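Beneath this line is the structure, given in structure tokens, with notes to follow.
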Amino acid sequence: MGDGPILVVFGTRPEAIKLYPLIHALRDAGTNLRVVVSAQHREMLDQVLAIARIVPNHDLDLMLPDQSLDQLSARLLTELGRVYDAERPSRVIVQGDTATAMIGALAAYYRKVPVAHVEAGLRSGNIHHPWPEEVNRKIVGAIADQHFAPTDTARDALLRENVPADRIWVTGNTVIDALHATIARIDAEPALAAGIAPLLARLEGKRIVAVTTHRRENFGAGLEAMAHAVRDIAGRPDVAVVFPVHPNPNVREPMQRILADTPDAHLIDPLDYPNFVALLRGCELVLTDSGGVQEEAPALGKPVLVMRETTERPEGVTAGTARLVGNDRATIVAATAALLDDAEAYGAMARAHNPFGDGQACARIVDVMLRG
Ligand code: UD1
Ligand code: UDP
């Protein structure tokens, strides 16, 4: 390994949330670490960078409106390649399954630079769900020489793909580190999460259902069915839906069209992380197709109905705190009603449970990286 810097490379909101505690931990440990953001996301990335007080060394500012996968991937490859040639890194760190993570690993491989993969080994077993993330993860897994698996299930998936056991470390998911740190910060400084407070105060007396959606495989009919389900749920007199809408135009358009006239479906802009954590803490249950939210909700004791056919995060389902409900309108509405109307069913799911980590993932990763 050369003596160049370690480059940590990311571009979207969830990568930033899951990597910022590791960036701080590696810097505290004295490593020569430089931060490269593709800005595959712009506003949602900047929200996290501001809260996490991270100033990138390189910002490629790549996001285009309604970007296609090939356009994004091609620009990532040439632009990240240029940064790697200038920085001559000794190692690259990527997280998860985005286009930035996959191309960040590929550009390193083309230069024979070793890659560490944070959140390694998640597999749904179906390359079309989630799409394109399942294949992105497999590509990073084929390239990486350090695999930081969040759970034993993830480690076992890597072993089945012939990753050597001594290149896998089960660390927990760094999202739990981020969640714990954020809760501690909100508790010390409530103003950090004051943005969502007026809406929650206005909805006092209603039961809050938090909703997020954005998956590409659901664009079109899937998202429309989810919107209709949300309309049915928000039509209940005892419920208010709070729905921070992803800025992707393929998400915004159907949600605004179908939910515009539903008084208790509150469509809002994406929340910064402390305010979103406050929403999760204040809600009764969560409806989502997000990966990260599936990991956070069980940690907060909130039942999560996963609007997907498959999940690469089965630990919540196994623990009984998450349930797969797909994207069929009637199924989503019935599963939500079953929780809202049956205290016993609700109680069985609303147990704080943390199958995804103990908040010490970053310390474990730093330990391995310092040993080389
Ligand atoms: C991406 C990731 C997905 C991840 C998700 C998290 C890929 C292929 N997809 O999906 O794995 O789960 O991020 O949210 O890597 N946009 C904005 N402002 C922003 C962010 C997005 O306007 O801050 C809009 C733009 O029009 C952009 C579009 O959303 O073109 C899509 O962004 P993109 O990163 O390509 O895909 P996501 O669907 O966000
Ligand atoms: N999140 C946020 N603000 C929001 C919605 C979500 O900060 O308005 C956080 C959420 O807590 C989680 C992450 O964003 O940590 C999930 O991002 P997303 O659902 O976009 O991506 P995925 O996890 O599905 O890749």
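Just remember, in the structure tokens the first chain shown is A, the second B, etc., residues are 1-based per chain, and ligands are 1-based in the order shown.
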*If you run DSSP over the backbone, which residues in stretch 218-310 of chain A end up helix (DSSP H, G or I)? Put them as a ChimeraX atom specification.*
/A:218,221-234,249-259,273-282,291-299
Given the selection you just returned, output its residues as a file containing N, CA and C atoms, formatted as a short mmCIF file (atom, residue, chain, number, x, y, z; two decimals), in the first residue's frame.
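Saved the output as part_3.cif:
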data_model
loop_
_atom_site.label_atom_id
_atom_site.label_comp_id
_atom_site.auth_asym_id
_atom_site.auth_seq_id
_atom_site.Cartn_x
_atom_site.Cartn_y
_atom_site.Cartn_z
N ASN A 218 -39.89 1.21 -8.20
CA ASN A 218 -41.31 1.52 -7.95
C ASN A 218 -41.84 2.68 -8.79
N ALA A 221 -46.34 2.82 -11.73
CA ALA A 221 -47.51 2.20 -11.09
C ALA A 221 -47.29 1.95 -9.60
N GLY A 222 -46.09 1.53 -9.23
CA GLY A 222 -45.81 1.22 -7.82
C GLY A 222 -45.98 2.44 -6.94
N LEU A 223 -45.38 3.56 -7.35
CA LEU A 223 -45.48 4.79 -6.55
C LEU A 223 -46.92 5.31 -6.54
N GLU A 224 -47.61 5.16 -7.65
CA GLU A 224 -49.01 5.63 -7.69
C GLU A 224 -49.87 4.83 -6.71
N ALA A 225 -49.63 3.52 -6.67
CA ALA A 225 -50.40 2.68 -5.72
C ALA A 225 -50.09 3.10 -4.28
N MET A 226 -48.82 3.39 -4.01
CA MET A 226 -48.45 3.84 -2.65
C MET A 226 -49.14 5.15 -2.32
N ALA A 227 -49.19 6.06 -3.29
CA ALA A 227 -49.84 7.36 -3.04
C ALA A 227 -51.32 7.15 -2.72
N HIS A 228 -51.97 6.26 -3.46
CA HIS A 228 -53.39 6.01 -3.17
C HIS A 228 -53.56 5.38 -1.78
N ALA A 229 -52.63 4.51 -1.42
CA ALA A 229 -52.70 3.91 -0.08
C ALA A 229 -52.55 5.00 0.98
N VAL A 230 -51.60 5.92 0.77
CA VAL A 230 -51.40 7.01 1.73
C VAL A 230 -52.66 7.86 1.83
N ARG A 231 -53.32 8.08 0.68
CA ARG A 231 -54.56 8.88 0.71
C ARG A 231 -55.63 8.19 1.56
N ASP A 232 -55.75 6.87 1.38
CA ASP A 232 -56.74 6.12 2.18
C ASP A 232 -56.40 6.24 3.68
N ILE A 233 -55.11 6.07 3.99
CA ILE A 233 -54.70 6.08 5.41
C ILE A 233 -54.92 7.46 6.02
N ALA A 234 -54.53 8.51 5.27
CA ALA A 234 -54.68 9.88 5.79
C ALA A 234 -56.14 10.29 5.88
N PRO A 249 -38.01 14.02 -9.43
CA PRO A 249 -39.28 14.39 -10.07
C PRO A 249 -40.20 13.19 -10.30
N ASN A 250 -39.62 12.01 -10.45
CA ASN A 250 -40.44 10.80 -10.64
C ASN A 250 -41.19 10.42 -9.36
N VAL A 251 -40.75 10.96 -8.23
CA VAL A 251 -41.44 10.74 -6.96
C VAL A 251 -42.40 11.90 -6.69
N ARG A 252 -41.87 13.12 -6.83
CA ARG A 252 -42.65 14.33 -6.50
C ARG A 252 -43.97 14.40 -7.28
N GLU A 253 -43.87 14.18 -8.59
CA GLU A 253 -45.04 14.42 -9.45
C GLU A 253 -46.24 13.58 -9.03
N PRO A 254 -46.09 12.23 -8.93
CA PRO A 254 -47.30 11.45 -8.56
C PRO A 254 -47.77 11.75 -7.14
N MET A 255 -46.84 12.01 -6.23
CA MET A 255 -47.26 12.28 -4.84
C MET A 255 -48.06 13.58 -4.78
N GLN A 256 -47.56 14.61 -5.45
CA GLN A 256 -48.27 15.90 -5.41
C GLN A 256 -49.61 15.80 -6.12
N ARG A 257 -49.63 15.09 -7.24
CA ARG A 257 -50.88 14.97 -8.01
C ARG A 257 -51.93 14.21 -7.21
N ILE A 258 -51.55 13.08 -6.61
CA ILE A 258 -52.55 12.20 -6.00
C ILE A 258 -52.92 12.66 -4.58
N LEU A 259 -51.98 13.36 -3.91
CA LEU A 259 -52.23 13.69 -2.50
C LEU A 259 -52.54 15.17 -2.27
N TYR A 273 -31.28 15.63 9.02
CA TYR A 273 -31.31 14.38 9.78
C TYR A 273 -31.88 14.53 11.20
N PRO A 274 -31.49 15.56 11.98
CA PRO A 274 -32.08 15.67 13.33
C PRO A 274 -33.60 15.82 13.28
N ASN A 275 -34.10 16.58 12.33
CA ASN A 275 -35.56 16.75 12.25
C ASN A 275 -36.25 15.48 11.79
N PHE A 276 -35.59 14.71 10.92
CA PHE A 276 -36.20 13.43 10.53
C PHE A 276 -36.21 12.46 11.71
N VAL A 277 -35.12 12.45 12.47
CA VAL A 277 -35.09 11.59 13.67
C VAL A 277 -36.21 12.00 14.63
N ALA A 278 -36.44 13.31 14.76
CA ALA A 278 -37.53 13.78 15.64
C ALA A 278 -38.89 13.30 15.11
N LEU A 279 -39.06 13.30 13.80
CA LEU A 279 -40.31 12.78 13.22
C LEU A 279 -40.46 11.29 13.54
N LEU A 280 -39.38 10.54 13.36
CA LEU A 280 -39.46 9.10 13.66
C LEU A 280 -39.83 8.88 15.13
N ARG A 281 -39.23 9.68 16.01
CA ARG A 281 -39.52 9.51 17.44
C ARG A 281 -40.96 9.88 17.76
N GLY A 282 -41.51 10.84 17.01
CA GLY A 282 -42.85 11.33 17.31
C GLY A 282 -43.97 10.57 16.62
N GLY A 291 -33.99 2.01 2.60
CA GLY A 291 -33.12 1.07 3.31
C GLY A 291 -32.79 1.56 4.70
N GLY A 292 -32.27 2.79 4.79
CA GLY A 292 -31.82 3.32 6.08
C GLY A 292 -32.95 3.40 7.09
N VAL A 293 -34.14 3.80 6.65
CA VAL A 293 -35.25 3.97 7.59
C VAL A 293 -35.65 2.60 8.18
N GLN A 294 -35.50 1.55 7.38
CA GLN A 294 -35.75 0.18 7.89
C GLN A 294 -34.82 -0.18 9.03
N GLU A 295 -33.64 0.44 9.04
CA GLU A 295 -32.67 0.14 10.10
C GLU A 295 -32.90 1.01 11.33
N GLU A 296 -33.35 2.26 11.10
CA GLU A 296 -33.51 3.19 12.22
C GLU A 296 -34.80 2.94 13.01
N ALA A 297 -35.90 2.64 12.29
CA ALA A 297 -37.20 2.54 12.97
C ALA A 297 -37.19 1.46 14.06
N PRO A 298 -36.65 0.25 13.79
CA PRO A 298 -36.63 -0.74 14.87
C PRO A 298 -35.83 -0.27 16.08
N ALA A 299 -34.74 0.48 15.82
CA ALA A 299 -33.92 0.96 16.93
C ALA A 299 -34.71 1.93 17.81
#
*Could you give me the residues within 9 Å of ligand 1, counting only C-alpha atoms and all ligand atoms, as a PyMOL selection string?*
chain A and resi 11-15+39-47+63-69+72-73+96-102+130-133+136+213-216+246-251+270+290-292
*Write out as a ChimeraX atom specification all residues of stretch 37-229 of chain A that DSSP puts in strand (DSSP E or B) for this structure's backbone.*
/A:37,58-59,91-95,115-118,146-149,168-170,207-212
Serialized selection, C-alpha atoms, as an mmCIF file, in the first residue's frame:
data_model
loop_
_atom_site.group_PDB
_atom_site.id
_atom_site.type_symbol
_atom_site.label_atom_id
_atom_site.label_comp_id
_atom_site.auth_asym_id
_atom_site.auth_seq_id
_atom_site.Cartn_x
_atom_site.Cartn_y
_atom_site.Cartn_z
ATOM 1 C CA VAL A 37 -18.183 13.969 -2.723
ATOM 2 C CA HIS A 58 -13.277 17.603 -3.580
ATOM 3 C CA ASP A 59 -16.875 18.337 -4.595
ATOM 4 C CA ARG A 91 -7.079 3.257 -0.105
ATOM 5 C CA VAL A 92 -10.627 4.206 -1.055
ATOM 6 C CA ILE A 93 -13.620 3.799 1.274
ATOM 7 C CA VAL A 94 -17.140 3.478 -0.152
ATOM 8 C CA GLN A 95 -20.449 2.756 1.558
ATOM 9 C CA VAL A 115 -11.195 -0.641 -1.518
ATOM 10 C CA ALA A 116 -12.904 -0.853 1.872
ATOM 11 C CA HIS A 117 -16.658 -1.484 1.707
ATOM 12 C CA VAL A 118 -18.797 -0.224 4.575
ATOM 13 C CA GLN A 146 -11.993 -5.083 3.356
ATOM 14 C CA HIS A 147 -15.674 -5.944 3.869
ATOM 15 C CA PHE A 148 -17.369 -4.341 6.882
ATOM 16 C CA ALA A 149 -20.558 -6.376 7.284
ATOM 17 C CA ILE A 168 -14.846 -9.788 6.581
ATOM 18 C CA TRP A 169 -15.475 -7.972 9.862
ATOM 19 C CA VAL A 170 -18.935 -7.883 11.473
ATOM 20 C CA ARG A 207 -51.760 9.542 15.320
ATOM 21 C CA ILE A 208 -48.751 10.281 13.120
ATOM 22 C CA VAL A 209 -47.820 7.933 10.300
ATOM 23 C CA ALA A 210 -44.410 8.814 8.789
ATOM 24 C CA VAL A 211 -43.936 7.973 5.113
ATOM 25 C CA THR A 212 -40.944 7.980 2.734
#
*Return the single residue from A:Gly121, A:Pro56, A:Pro190, A:Pro303 that is closest to A:Ala319, with distances computed using only C-alpha atoms.*
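Of all the options, A:Pro303 lies closest to A:Ala319.
Proximity of A:Ala120, A:Ala178, A:Cys283, A:Val368 to ligand 2, computed with only C-alpha atoms and all ligand atoms, is greatest for A:Ala178.
Distance annotation: of A:Asn126, A:Thr311, A:Thr78, A:Thr262, the residue with the minimal separation from ligand 2 is A:Thr311; atom set is only C-alpha atoms and all ligand atoms.
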*Exercise: A:Asn173 partners within 6 Å, only C-alpha atoms, chain neighbours under 5 positions left out, as a list of chain:residue names*: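 These residues fall inside the cut-off: A:Pro150, A:Phe356, A:Gly357, A:Ala361.
Going from atom CA of A:Val175 to atom CA of A:Lys18 covers 4.9 Å.
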*asked:* Let me make sure I understand: among A:Ile127, A:Val366, A:Ala194, A:Leu60, which one has the smallest atom-to-atom distance to A:Glu79 if we use only C-alpha atoms?
replied: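 Of A:Ile127, A:Val366, A:Ala194, A:Leu60, the one nearest A:Glu79, counting only C-alpha atoms, is A:Leu60.
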